[in-house]
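Heads up: the structure comes next, in structure tokens.
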Amino acid sequence: MKPLDQAFGQDWTWSRPRVGRRRWELLSGGEVVATLEARTLLGSRMAAVTAAGEREIRHEGWLRGRIRMSDGAGATIATFEPGWFGGGRIVFPNGGELLWKRVDFWGRRWAFRDADGHEQVVFVRKPSWFRATTQVEVSDAGRLRPELADLVLAGFYLLLIMQRQAHAAH
């Protein structure tokens with residue numbers, strides 16, 4: 001798998017290769033650079049793979065709870081603490097944190113922002129009848145972040161969880 005820092009010359013797009021499977025791929029110029037696959041029936045626990053390694057992302061707790069990302073050995077990589085209306089913050093063990101916020105009124109654009117409000121990684125949902133996709137845009141500052149791969153995985157996981165909750169509400 002190609003490392004994300006070697007894929008900046010191409011657009012990044014999350015998509016589901018086969019409609020019946022609960023597996024998504026992040027493509028860069030037609031090449032897979034990350035995968036995310038549901039491990040439970042409801043999709044609250046997912047396995048992810050990038051060139052940086054394997055990750056597990058899971059929802060913990062009741063109601064709002066929190067989301068924890070861990071590496072293959074079970075060590076915590078990041079924790080997402082939800083706020084209101086889908087927003088929240090992702091916290092890393094080294095003390096760093098970013099805010100997760102909706103960028104537009106309709107909720108099609110979401111971003112991780114630093115404390116000064118600068119966008120680091122932006123996710124743009126492209127709805128479709130059969131194969132919805134999500135574009136990932138990384139700012140120049142975001143490209144320098146050592147946790148970039150984890151942000152790309154966590155952001156898409158959050159969008160999938162929000163989509164699942166929206167469908168359950170109807």
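Following the order of the structure tokens, first chain is A, next is B, and so on, with residues numbered from 1 inside each chain and ligands from 1 in the order they appear.
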
DSSP strand (DSSP E or B) residues within stretch 10-39 of chain A, listed as a list of chain:residue names: A:Trp12, A:Thr13, A:Trp14, A:Ser15, A:Arg23, A:Trp24, A:Glu25, A:Leu26, A:Leu27, A:Ser28, A:Glu31, A:Val32, A:Val33, A:Ala34, A:Thr35, A:Leu36, A:Glu37, A:Ala38

May I have the residues from that selection written out with N, CA and C atoms, as a compact mmCIF listing (two decimals), in the first residue's frame?
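Listing of again-v4.txt after writing:
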```txt
# COMPACT_ATOMS: atom_id res chain seq x y z
N TRP A 12 -7.97 12.30 -3.52
CA TRP A 12 -8.25 11.18 -2.62
C TRP A 12 -9.75 11.01 -2.54
N THR A 13 -10.23 9.80 -2.76
CA THR A 13 -11.66 9.55 -2.74
C THR A 13 -11.97 8.26 -1.99
N TRP A 14 -12.82 8.38 -0.95
CA TRP A 14 -13.34 7.20 -0.26
C TRP A 14 -14.53 6.68 -1.05
N SER A 15 -14.57 5.39 -1.31
CA SER A 15 -15.72 4.80 -1.99
C SER A 15 -15.88 3.35 -1.55
N ARG A 23 -17.13 -2.54 3.24
CA ARG A 23 -15.70 -2.23 3.11
C ARG A 23 -15.58 -1.00 2.21
N TRP A 24 -14.71 -0.08 2.61
CA TRP A 24 -14.48 1.14 1.85
C TRP A 24 -13.00 1.26 1.56
N GLU A 25 -12.68 1.91 0.45
CA GLU A 25 -11.29 2.11 0.05
C GLU A 25 -11.04 3.58 -0.22
N LEU A 26 -9.88 4.04 0.19
CA LEU A 26 -9.43 5.38 -0.16
C LEU A 26 -8.51 5.24 -1.36
N LEU A 27 -8.94 5.82 -2.48
CA LEU A 27 -8.19 5.72 -3.72
C LEU A 27 -7.47 7.03 -4.02
N SER A 28 -6.27 6.89 -4.54
CA SER A 28 -5.48 8.03 -4.99
C SER A 28 -4.95 7.67 -6.37
N GLU A 31 -5.17 3.97 -7.16
CA GLU A 31 -4.43 3.07 -6.27
C GLU A 31 -4.99 3.16 -4.86
N VAL A 32 -5.15 2.01 -4.21
CA VAL A 32 -5.68 1.97 -2.84
C VAL A 32 -4.59 2.41 -1.87
N VAL A 33 -4.90 3.43 -1.06
CA VAL A 33 -3.93 3.90 -0.07
C VAL A 33 -4.43 3.68 1.37
N ALA A 34 -5.72 3.29 1.53
CA ALA A 34 -6.26 2.98 2.85
C ALA A 34 -7.54 2.18 2.68
N THR A 35 -7.85 1.35 3.66
CA THR A 35 -9.11 0.61 3.67
C THR A 35 -9.76 0.72 5.04
N LEU A 36 -11.06 0.56 5.05
CA LEU A 36 -11.85 0.57 6.29
C LEU A 36 -12.93 -0.49 6.11
N GLU A 37 -13.02 -1.41 7.08
CA GLU A 37 -13.98 -2.50 6.96
C GLU A 37 -14.69 -2.73 8.29
N ALA A 38 -16.03 -2.83 8.22
CA ALA A 38 -16.83 -3.07 9.41
C ALA A 38 -16.57 -4.48 9.94
```

Residues near A:Phe92, cut-off 7 Å, only C-alpha atoms, skip fewer than 4 positions along chain, as a PyMOL selection string: chain A and resi 77-79+96-97

Please produce an output containing N, CA and C atoms for each residue in the selection, written as a short mmCIF file (atom, residue, chain, number, x, y, z; two decimals), in the first residue's frame.
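Below you can see result-v9.cif, which holds the result:
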```
data_model
loop_
_atom_site.label_atom_id
_atom_site.label_comp_id
_atom_site.auth_asym_id
_atom_site.auth_seq_id
_atom_site.Cartn_x
_atom_site.Cartn_y
_atom_site.Cartn_z
N ILE A 77 -4.27 5.25 19.97
CA ILE A 77 -3.65 6.20 19.04
C ILE A 77 -4.33 7.56 19.16
N ALA A 78 -5.68 7.54 19.29
CA ALA A 78 -6.46 8.77 19.37
C ALA A 78 -7.82 8.46 19.99
N THR A 79 -8.42 9.48 20.59
CA THR A 79 -9.75 9.37 21.16
C THR A 79 -10.58 10.53 20.65
N GLY A 96 -1.86 16.64 21.80
CA GLY A 96 -2.41 17.42 20.69
C GLY A 96 -3.89 17.11 20.48
N GLU A 97 -4.61 18.09 19.95
CA GLU A 97 -6.02 17.87 19.66
C GLU A 97 -6.46 18.74 18.48
#
```

Counting only C-alpha atoms, the option among A:Ile57, A:Val122, A:Ile90, A:Met1 closest to A:Gly74: A:Ile57
